[in-house]
Every structure is written in C-alpha cells, then in structure tokens.
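Reading through the structure tokens given below for one structure.
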Amino acid sequence: MIERRKTRTAVAGSVRIGSEHPVVIQSMAKVFTTDISACVQQVSRLAAAGCGLVRIAAATQKDTQAFAQIVQKVSVPLIADIHFSPERAIEAIEAGAVKIRLNPGNIKKAADIRRIIDCARRHRIAIRIGVNEASIRDLKAGDVQTDRRVDLMREEMTEYIRLFEKAGFDNLVLSAKSADTLRTIAINRTLAAHFAYPIHIGLTHAGLPEDAAVPSAVAIGALLAEGIGDTIRVSAAGDPVQEVQIAKAILQPLGLIQAEEPELIVCPTCGRCQIDVIALAKKVKNELKTLHKPIRVAVMGCIVNGPGEAADADVAVCAGKGKGVLYRHGQKIAAVAEDKLLEALREEIARL
C-alpha cells in the first residue's frame, strides 16, 4: 500500500482534498463557458465518468455570469479558472465556485490578492495556487537547459503562499506544472518537501489522448507512488471524458481507486504457446465490454506463468495444445477443448 504524504485538508464544497481523503480526479470543460447548455452537458458527462471536480474557464464577465447558471444545473462541484482579472475571481466566487484557481504569474498585486482572499474567506471556498512553467515571466534563454525553471516555479509559489499565510488563509491547494515530465516530478517533490498543503498534480499539456497517456502516467504515477498528490488531472487534447478514463487507469494499478471495470490479464506469448492466445484474448475482451464489474480474468498460454496468474484471478484459462484448464479463484475446475474455451469462460464469468 502507498503511504501518502501527510497534508492538511482543503475544503471545496462537498469535496475534501488531502491525505486523509481519496485522490480526486479533476478535468476541465472544453466548450465556451457562455454556451451554457453545452457546458452543462459536458460537465455532466465528466461527473458520470467519475470526475470529482470540474474546472471551467472564467476569463470574462459573461463567463462568470454563465458560471452562476451552470452551477445550478450540475451535480459536481465547480472550479473557476481565473486568468488575469481579480474582478473575475470575485465574480466567480459569488457565482458559486467551490474553488478558484489563481496563477501567480498572472495576478501579482498584493492588494488584488487580499481582495480575493477576503471574498474567498466569506464564502468559505478553496483556492488553488497554480504555477505553470509557461507563465513564468522571469525566464531567460539559458533557463531551458538548466534546473532554473524548477527554481523559479518554487520561488514564485513560495512568495504567493506567504501572502496567503500572512492573511491567515490556509484553505489552499498547490500545483506546479510543466509539459516536461521530469521537471513536473522535480517541482512537486520540492513542494511536498516544503509545504503541508494538498497538491494537485499533472502535466500542463500532454498531447492527443493516445499520446498523453504514457507521459501522464509516468509523471502522475511516479509522484503518487511516492505518496505525493491529492488531486490529479490528465491534460489531453480532445474529449475531456478521456482524461478521466486515463486518470482512473493510472490510479487503479496503484490501489488508489476501487476497480469498477473488468481487468484482463494476458500472457505476452512466447515460443511455448500452443494455441493462438492473442485471438482468444481479443474475443474475451470483447465479451467483457458489456460487463461493468471489477473482476479479474486471465488468459494464459503456458504452464510457466499460467498457474500463478490463475491463482490471482477470479477466472482464468491456462491453454495448452488443443485444450485449456479453467480456474475459478485459483482452483482448477475443468479441462476444456480449445474450441470450447471461449464459451466456458463466458459461462464462468456469468456465474460470477
């Protein structure tokens, strides 16, 4: 089991963020905020997919006006993403945001920050201090090849946190992101070592969904395995529901989310295989598409690793020449002819 780093708890409406609570999956609406119907529809899809918090852009006054209507039409708590305007932050809080995200690179005046803090305190909402490498204003040409970017993000974050602490506001979540996997890991390790606030982790952007999964899993998974990270977002171009799906796929192997769908374990195959394991596995996977239960199914092609995998699966088949042995919870229950394996697996899965 992963031992999570001890943090304070941040309160964002009905959601609790911190080491004493489950890791929260976040995503962001990708339609115009002023298109209320489209925004509500997308937020609702995200909630149904397992998203615990959804962020919405609040760049203009029309956006915050729309935000107030969207809040009334969805079941998931909403975060307002504030760009450059303190006024938008205050409007979003008053419109019903349970949390706002401020970028220290964009809102810097102490007086503006204090106004936002006072409003956030009155409405009892959380604030995420979100530093992005891309918005650091003091970057110089040579910084790309050095650790200076990590240092600058840490310095910017520290300065901002001190303003909040001086004002007595601690309902905070921290995040520091880069498109670079290693710098994202490095800056979040630094934040975890210096601050006790919950941390939101992810890359700033990771590409199309098919390209975003691996770098996101490396960055987010590495940090989570070290106990760092209390909310996560996979930032992929395209349908935001795919972000949630990738996020769940990262959390599940780490034991940080309860499985909701079947898991299929498949032998990688080698020269010992005497049946077409891949063809059988594809057929089994197709069978599992309509089953929304957390069961583990193993399709193995030899006697070396097969029995061990079968012992750890709810249902398994270890196939040999012309036949396979069927297992239920690690116990042999039948020897089945090769052409009957799929049917036998289907029947056993149905029994479960």
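Residue numbers start at 1 in each chain; chains themselves are named A, B, ... in the order of the structure tokens; ligands are numbered from 1 in the order shown.
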
Distance query stretch 17-24 of chain A at most 8 Å, only C-alpha atoms, self and fewer than 2 positions along chain excluded, as a PyMOL selection string: chain A and resi 4-12+15+26+51-53+197-199+229-232+256-257

Contacts of A:Thr184 within 12 Å, only C-alpha atoms, excl. fewer than 2 positions in-chain, as JSON, numbers by chain: {"A": [131, 132, 133, 147, 149, 150, 151, 153, 154, 175, 176, 177, 178, 179, 180, 181, 182, 186, 187, 188, 189, 190, 191, 200, 201, 202, 203, 204, 205, 206, 215, 216, 218, 219, 220, 221, 222, 223, 228, 229]}

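Once A:Asp170 and its same-chain neighbours fewer than 4 positions away are set aside, Thr7, Arg8, Thr9, Ala10, Val11, Ile117, Ala120, Arg121, Arg124, Ile125, Ala126, Ile127, Arg128, Ile129, Tyr160, Ile161, Arg162, Leu163, Phe164, Glu165, Lys166, Leu174, Phe195, Ala196, Tyr197 and Pro198 of chain A remain within 12 Å of it when counting only C-alpha atoms.
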
Backbone DSSP call of strand (DSSP E) for stretch 98-136 of chain A, listed as an MDAnalysis selection string: chainID A and resid 99:102 126:132

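With distances restricted to only C-alpha atoms, A:Ala49 is the closest residue to A:Val76 from A:Gln245, A:Ala49, A:Ile36, A:Gln61.
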
Separation of atom CA of A:Asp339 from atom CA of A:Leu288, in Å and rounded to one decimal: 18.9 Å

Selected residue of minimal separation from A:Ala167 among A:Arg114, A:Gln258, A:Ser135, A:Ala213, counting only C-alpha atoms: A:Arg114

Got a sec: who's within 10 Å of A:Cys273, counting only C-alpha atoms, leaving out chain neighbours fewer than 3 positions off, as a short mmCIF file (atom, residue, chain, number, x, y, z; two decimals) with N, CA, C and O atoms, in the first residue's frame?
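Result went into out-v1.cif, see below:
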```cif
data_model
loop_
_atom_site.label_atom_id
_atom_site.label_comp_id
_atom_site.auth_asym_id
_atom_site.auth_seq_id
_atom_site.Cartn_x
_atom_site.Cartn_y
_atom_site.Cartn_z
N CYS A 267 -1.24 -13.32 -21.23
CA CYS A 267 0.12 -13.80 -21.44
C CYS A 267 0.76 -13.06 -22.61
O CYS A 267 0.13 -12.87 -23.66
N PRO A 268 2.01 -12.58 -22.47
CA PRO A 268 2.65 -11.86 -23.58
C PRO A 268 2.98 -12.76 -24.76
O PRO A 268 3.33 -12.26 -25.84
N THR A 269 2.89 -14.05 -24.56
CA THR A 269 3.18 -15.11 -25.54
C THR A 269 4.68 -15.29 -25.77
O THR A 269 5.46 -14.34 -25.64
N CYS A 270 5.03 -16.50 -26.09
CA CYS A 270 6.42 -16.84 -26.43
C CYS A 270 6.39 -18.16 -27.19
O CYS A 270 5.32 -18.63 -27.59
N ASP A 276 -3.52 -19.95 -30.21
CA ASP A 276 -3.48 -18.51 -30.52
C ASP A 276 -4.06 -17.74 -29.33
O ASP A 276 -5.25 -17.44 -29.27
N VAL A 277 -3.19 -17.42 -28.38
CA VAL A 277 -3.60 -16.74 -27.16
C VAL A 277 -4.17 -15.36 -27.46
O VAL A 277 -5.17 -14.94 -26.86
N MET A 300 -3.93 -17.23 -20.29
CA MET A 300 -2.52 -17.57 -20.30
C MET A 300 -2.24 -18.70 -21.28
O MET A 300 -3.10 -19.54 -21.54
N GLY A 301 -1.00 -18.72 -21.80
CA GLY A 301 -0.68 -19.66 -22.87
C GLY A 301 0.35 -20.71 -22.55
O GLY A 301 0.81 -21.40 -23.46
N CYS A 302 0.77 -20.82 -21.29
CA CYS A 302 1.76 -21.85 -20.97
C CYS A 302 1.67 -22.22 -19.49
O CYS A 302 1.00 -21.55 -18.71
N ILE A 303 2.43 -23.23 -19.13
CA ILE A 303 2.37 -23.71 -17.74
C ILE A 303 3.38 -23.03 -16.84
O ILE A 303 3.43 -23.32 -15.64
N ALA A 319 -3.92 -22.33 -21.29
CA ALA A 319 -4.14 -23.11 -22.50
C ALA A 319 -2.90 -23.90 -22.90
O ALA A 319 -1.77 -23.43 -22.75
N GLY A 320 -3.12 -25.11 -23.39
CA GLY A 320 -2.06 -25.94 -23.94
C GLY A 320 -2.47 -26.42 -25.32
O GLY A 320 -3.37 -25.85 -25.94
N LYS A 321 -1.85 -27.45 -25.77
CA LYS A 321 -2.15 -27.95 -27.10
C LYS A 321 -3.54 -28.57 -27.16
O LYS A 321 -3.82 -29.57 -26.51
#
```

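When the distance limit is 9 Å and only C-alpha atoms are what count, the residues near A:Ala217, minus those fewer than 6 positions from it on the same chain, are Val234, Ile246, Ala247, Ala249 and Ile250 of chain A.
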
Residue neighbourhood A:Ala237, 8 Å, only C-alpha atoms, exclusion window fewer than 2 positions, as a ChimeraX atom specification: /A:205-209,235,239-240
